[in-house]
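For reference, the structure is listed below as structure tokens.
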Amino acid sequence: MARAASKMWENYCLRPSLHSSPSLIPVFLYGTAWKKDRTAELVYTAVQNGFRAIDTAAQPRHYQEDLVGDGIRKAIADGLVRREDIYLQTKFSPIGAQDPNNMPYDPSLSVTEQVHASIKSSLHNLRPTKDTTSVSDSYIDTLVIHSPLRTIDMTLEVWQALETYVPHQIRNLGISNCSLPILAELNASSATKVKPAVVQNRFYEDTDFDVPLRKFCRENDIIYQSFWTLTANPRLVRSKPVQQLANQAKISPAAALYTLVISLGNTTVLNGTKNEERMREDLAAPQEVQKFTRANSAAWQELMAGFRQLIGDSA
């Protein structure tokens, strides 16, 4: 049964893993890829403006996980949030996704040992205070495999190594850049104790907008995380349903696309804007669309039907 939204347009409740308590995942995650030296500043600004979920990775090639930690620690120290108010997600990135000159682990190690070294690094980077002893209090809400490994057996080996941290230091597990057969194998395998809680994929035309995979997610209590939502979809931004929603709900076309994607069900969106005004506008958009849907139910249903038709989703 698909997870019901705990608060419409605000967050979902992830299925608890093993003996952990359920975790809340907001409908918007702040994406920290390619933020470079501005990472800490932008993470702090995102939290200051209302983001309560942060996505990063132990992959210095595209992310500065240590600076993500700096931004969160500053927000905690300044009293903006407590650690438990933030949904914090990072990734284990296989060798092929890493900069060979800057990895969080020794590539000559076994896959299992690479996982342990990567997690040790992430727990240190994302500790709640500057004091390094606070690493004992460090935890990750969801750990995502950045991409499947060369074989399903290697992917399962990584998954099993990650399971040893659940539920105390890692609450939930997920996978990114994943096809439906691999997701189905992870979900069904008798070799795994913790089932996937999230899948983070590009939402774009080249994969037919992941229609079958998203259906599988809805049927198996898995949250679909959409990324590259704006960059890869200029045609959708210009489309009639998106433009009509933007005009009628008085939000930007970008925010209109985000809310339509969120409305597909069991779906959250990565948002990596560096613009503070857009942060506020995007975060406010779901509530504006909720008001619109309540006052204009028939018009909303027509817009959603048109949007689903554009992406080939008949659900």
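Naming works like this for the structure tokens: A, B, ... for the chains as they're shown, residue 1 at the start of each chain, ligands 1 onward in shown order.
If you count only C-alpha atoms and ignore residues fewer than 6 places along the chain from Thr132 of chain A, what sits within 12 Å of it is A:Arg73, A:Ser121, A:Leu123, A:His124, A:Asn125, A:Leu126, A:Ser138.
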Could you turn the residues from that selection into a file that holds N, CA and C atoms, as an mmCIF file, in the first residue's frame?
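result-v2.cif written:
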```cif
data_model
loop_
_atom_site.group_PDB
_atom_site.id
_atom_site.type_symbol
_atom_site.label_atom_id
_atom_site.label_comp_id
_atom_site.auth_asym_id
_atom_site.auth_seq_id
_atom_site.Cartn_x
_atom_site.Cartn_y
_atom_site.Cartn_z
ATOM 1 N N ARG A 73 25.870 22.271 11.005
ATOM 2 C CA ARG A 73 26.335 22.554 12.374
ATOM 3 C C ARG A 73 26.122 24.023 12.734
ATOM 4 N N SER A 121 33.720 8.160 7.171
ATOM 5 C CA SER A 121 33.967 9.528 6.708
ATOM 6 C C SER A 121 32.694 10.365 6.782
ATOM 7 N N LEU A 123 29.947 9.914 8.642
ATOM 8 C CA LEU A 123 29.522 10.157 10.020
ATOM 9 C C LEU A 123 30.360 11.259 10.658
ATOM 10 N N HIS A 124 31.645 11.307 10.311
ATOM 11 C CA HIS A 124 32.508 12.388 10.804
ATOM 12 C C HIS A 124 32.104 13.719 10.173
ATOM 13 N N ASN A 125 31.928 13.739 8.862
ATOM 14 C CA ASN A 125 31.589 14.989 8.168
ATOM 15 C C ASN A 125 30.254 15.556 8.626
ATOM 16 N N LEU A 126 29.320 14.690 8.967
ATOM 17 C CA LEU A 126 27.951 15.117 9.258
ATOM 18 C C LEU A 126 27.632 15.065 10.751
ATOM 19 N N SER A 138 26.453 10.986 15.833
ATOM 20 C CA SER A 138 26.158 11.225 14.420
ATOM 21 C C SER A 138 25.314 10.093 13.853
#
```
Open item on the list: Using only C-alpha atoms, which protein or nucleic acid residues come within 8 Å of Pro286 of chain A? Drop anything in the same chain fewer than 5 positions from it, and give the result as a ChimeraX atom specification.
Closed with: /A:9-10,259
Which residues of segment 148-190 of chain A sit at most 12 Å from segment 86-106 of chain A, using only C-alpha atoms? Give each one's shortest atom pair and distance in Å (one decimal place), in chain and ascending residue order, as a tab-separated table.
```
residue	atom	partner	partner_atom	distance
A:Pro148	CA	A:Pro94	CA	8.1
A:Leu149	CA	A:Pro94	CA	6.8
A:Arg150	CA	A:Gly96	CA	9.5
A:Met154	CA	A:Pro94	CA	10.3
A:Thr155	CA	A:Pro94	CA	9.7
A:Val158	CA	A:Phe92	CA	8.8
A:Trp159	CA	A:Phe92	CA	10.1
A:Ala161	CA	A:Phe92	CA	11.0
A:Leu162	CA	A:Phe92	CA	9.2
A:Gln169	CA	A:Leu88	CA	11.8
A:Ile170	CA	A:Gln89	CA	9.5
A:Arg171	CA	A:Gln89	CA	9.9
A:Asn172	CA	A:Gln89	CA	9.3
A:Leu173	CA	A:Gln89	CA	9.5
A:Gly174	CA	A:Lys91	CA	8.9
A:Ile175	CA	A:Lys91	CA	8.5
A:Ser176	CA	A:Lys91	CA	8.8
A:Asn177	CA	A:Ser93	CA	11.3
```
Filtering to all heavy atoms, could you give me those residues as a short mmCIF file (atom, residue, chain, number, x, y, z; two decimals), in the first residue's frame?
```cif
data_model
loop_
_atom_site.label_atom_id
_atom_site.label_comp_id
_atom_site.auth_asym_id
_atom_site.auth_seq_id
_atom_site.Cartn_x
_atom_site.Cartn_y
_atom_site.Cartn_z
N PRO A 148 24.14 1.51 -9.01
CA PRO A 148 24.43 0.08 -8.88
C PRO A 148 25.86 -0.22 -9.30
O PRO A 148 26.44 0.47 -10.15
CB PRO A 148 23.43 -0.56 -9.84
CG PRO A 148 22.33 0.45 -9.99
CD PRO A 148 23.00 1.78 -9.90
N LEU A 149 26.43 -1.25 -8.71
CA LEU A 149 27.78 -1.65 -9.08
C LEU A 149 27.73 -2.53 -10.33
O LEU A 149 26.67 -2.75 -10.90
CB LEU A 149 28.47 -2.34 -7.91
CG LEU A 149 29.04 -1.34 -6.87
CD1 LEU A 149 27.92 -0.74 -6.01
CD2 LEU A 149 30.08 -2.01 -5.97
N ARG A 150 28.88 -3.05 -10.75
CA ARG A 150 28.96 -3.75 -12.04
C ARG A 150 28.07 -4.98 -12.09
O ARG A 150 27.58 -5.34 -13.16
CB ARG A 150 30.42 -4.16 -12.32
CG ARG A 150 31.34 -2.98 -12.60
CD ARG A 150 32.67 -3.47 -13.19
NE ARG A 150 33.30 -4.50 -12.41
CZ ARG A 150 34.13 -4.27 -11.39
NH1 ARG A 150 34.37 -3.01 -11.02
NH2 ARG A 150 34.67 -5.26 -10.73
N MET A 154 27.67 -7.62 -6.47
CA MET A 154 28.45 -6.54 -5.85
C MET A 154 27.52 -5.50 -5.22
O MET A 154 27.81 -4.97 -4.14
CB MET A 154 29.37 -5.89 -6.88
CG MET A 154 30.49 -6.78 -7.37
SD MET A 154 31.48 -6.00 -8.68
CE MET A 154 32.36 -4.75 -7.73
N THR A 155 26.42 -5.23 -5.89
CA THR A 155 25.45 -4.28 -5.34
C THR A 155 24.87 -4.82 -4.04
O THR A 155 24.72 -4.08 -3.05
CB THR A 155 24.33 -4.00 -6.36
OG1 THR A 155 24.91 -3.51 -7.57
CG2 THR A 155 23.35 -2.97 -5.82
N VAL A 158 27.36 -4.41 -1.18
CA VAL A 158 27.32 -3.06 -0.61
C VAL A 158 26.10 -2.91 0.30
O VAL A 158 26.19 -2.40 1.42
CB VAL A 158 27.28 -1.99 -1.73
CG1 VAL A 158 26.99 -0.61 -1.15
CG2 VAL A 158 28.58 -1.98 -2.50
N TRP A 159 24.95 -3.37 -0.17
CA TRP A 159 23.71 -3.25 0.60
C TRP A 159 23.84 -3.96 1.94
O TRP A 159 23.46 -3.41 2.99
CB TRP A 159 22.56 -3.83 -0.21
CG TRP A 159 21.21 -3.46 0.31
CD1 TRP A 159 20.47 -4.12 1.25
CD2 TRP A 159 20.42 -2.32 -0.07
NE1 TRP A 159 19.28 -3.48 1.47
CE2 TRP A 159 19.23 -2.36 0.67
CE3 TRP A 159 20.62 -1.28 -0.98
CZ2 TRP A 159 18.23 -1.41 0.54
CZ3 TRP A 159 19.62 -0.33 -1.13
CH2 TRP A 159 18.44 -0.39 -0.36
N ALA A 161 26.55 -4.62 3.60
CA ALA A 161 27.47 -3.87 4.47
C ALA A 161 26.76 -2.67 5.09
O ALA A 161 26.94 -2.36 6.27
CB ALA A 161 28.69 -3.41 3.67
N LEU A 162 25.92 -1.99 4.31
CA LEU A 162 25.17 -0.85 4.82
C LEU A 162 24.17 -1.27 5.89
O LEU A 162 23.92 -0.54 6.86
CB LEU A 162 24.44 -0.14 3.67
CG LEU A 162 25.32 0.56 2.63
CD1 LEU A 162 24.48 1.07 1.47
CD2 LEU A 162 26.11 1.71 3.27
N GLN A 169 22.98 3.98 13.31
CA GLN A 169 23.75 5.06 12.68
C GLN A 169 23.21 5.44 11.30
O GLN A 169 23.47 6.52 10.80
CB GLN A 169 25.22 4.64 12.57
CG GLN A 169 25.89 4.57 13.94
CD GLN A 169 27.28 3.97 13.85
OE1 GLN A 169 27.46 2.80 13.48
NE2 GLN A 169 28.28 4.76 14.20
N ILE A 170 22.46 4.54 10.70
CA ILE A 170 21.73 4.82 9.45
C ILE A 170 20.29 4.36 9.67
O ILE A 170 20.06 3.24 10.13
CB ILE A 170 22.34 4.08 8.25
CG1 ILE A 170 23.78 4.56 7.99
CG2 ILE A 170 21.49 4.27 7.01
CD1 ILE A 170 24.51 3.75 6.93
N ARG A 171 19.33 5.22 9.36
CA ARG A 171 17.93 4.88 9.61
C ARG A 171 17.29 4.11 8.44
O ARG A 171 16.48 3.21 8.65
CB ARG A 171 17.12 6.16 9.85
CG ARG A 171 17.62 7.03 11.00
CD ARG A 171 17.37 6.38 12.35
NE ARG A 171 17.56 7.33 13.44
CZ ARG A 171 18.59 7.36 14.27
NH1 ARG A 171 19.57 6.47 14.15
NH2 ARG A 171 18.66 8.26 15.23
N ASN A 172 17.63 4.50 7.21
CA ASN A 172 17.00 3.92 6.02
C ASN A 172 18.04 3.77 4.91
O ASN A 172 19.07 4.45 4.91
CB ASN A 172 15.88 4.83 5.50
CG ASN A 172 14.88 5.20 6.57
OD1 ASN A 172 14.01 4.42 6.92
ND2 ASN A 172 15.00 6.42 7.11
N LEU A 173 17.73 2.90 3.94
CA LEU A 173 18.62 2.69 2.80
C LEU A 173 17.87 2.96 1.50
O LEU A 173 16.65 2.80 1.42
CB LEU A 173 19.15 1.26 2.78
CG LEU A 173 19.97 0.80 4.00
CD1 LEU A 173 20.43 -0.64 3.79
CD2 LEU A 173 21.15 1.73 4.25
N GLY A 174 18.63 3.37 0.48
CA GLY A 174 18.05 3.60 -0.83
C GLY A 174 19.08 3.43 -1.91
O GLY A 174 20.24 3.08 -1.66
N ILE A 175 18.68 3.70 -3.15
CA ILE A 175 19.58 3.56 -4.29
C ILE A 175 19.24 4.62 -5.32
O ILE A 175 18.09 5.06 -5.42
CB ILE A 175 19.51 2.14 -4.89
CG1 ILE A 175 20.64 1.91 -5.90
CG2 ILE A 175 18.13 1.85 -5.48
CD1 ILE A 175 20.88 0.45 -6.25
N SER A 176 20.24 5.04 -6.08
CA SER A 176 20.06 6.08 -7.09
C SER A 176 20.50 5.56 -8.45
O SER A 176 21.21 4.56 -8.55
CB SER A 176 20.90 7.32 -6.70
OG SER A 176 20.69 8.37 -7.61
N ASN A 177 20.05 6.26 -9.50
CA ASN A 177 20.41 5.89 -10.87
C ASN A 177 20.14 4.41 -11.12
O ASN A 177 20.98 3.67 -11.65
CB ASN A 177 21.89 6.22 -11.13
CG ASN A 177 22.17 7.70 -10.96
OD1 ASN A 177 21.68 8.53 -11.71
ND2 ASN A 177 22.96 8.04 -9.94
#
```
- [ ] Quick one: pick out all helix (DSSP H, G or I) residues within segment 69-308 of chain A from a backbone DSSP run and write them as a count of residues only.
- [x] 129
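Each of A:Ser20, A:Thr267, A:Gln309, A:Thr151 was checked against Leu236 of chain A using only C-alpha atoms; the smallest atom-to-atom distance is that of A:Gln309.
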- [ ] Write down as JSON, numbers by chain the residues belonging to segment 152-283 of chain A that are assigned strand (DSSP E or B) by DSSP computed on the backbone.
- [x] {"A": [170, 171, 172, 173, 174, 175, 176, 198, 199, 200, 201, 202, 223, 224, 225, 226, 227, 267, 268, 269, 270, 271]}
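Minimum atom-to-atom distance to Gly312 of chain A, evaluated using only C-alpha atoms, belongs to A:Pro212 out of A:Pro212, A:Pro234, A:Gly265, A:Gly50.
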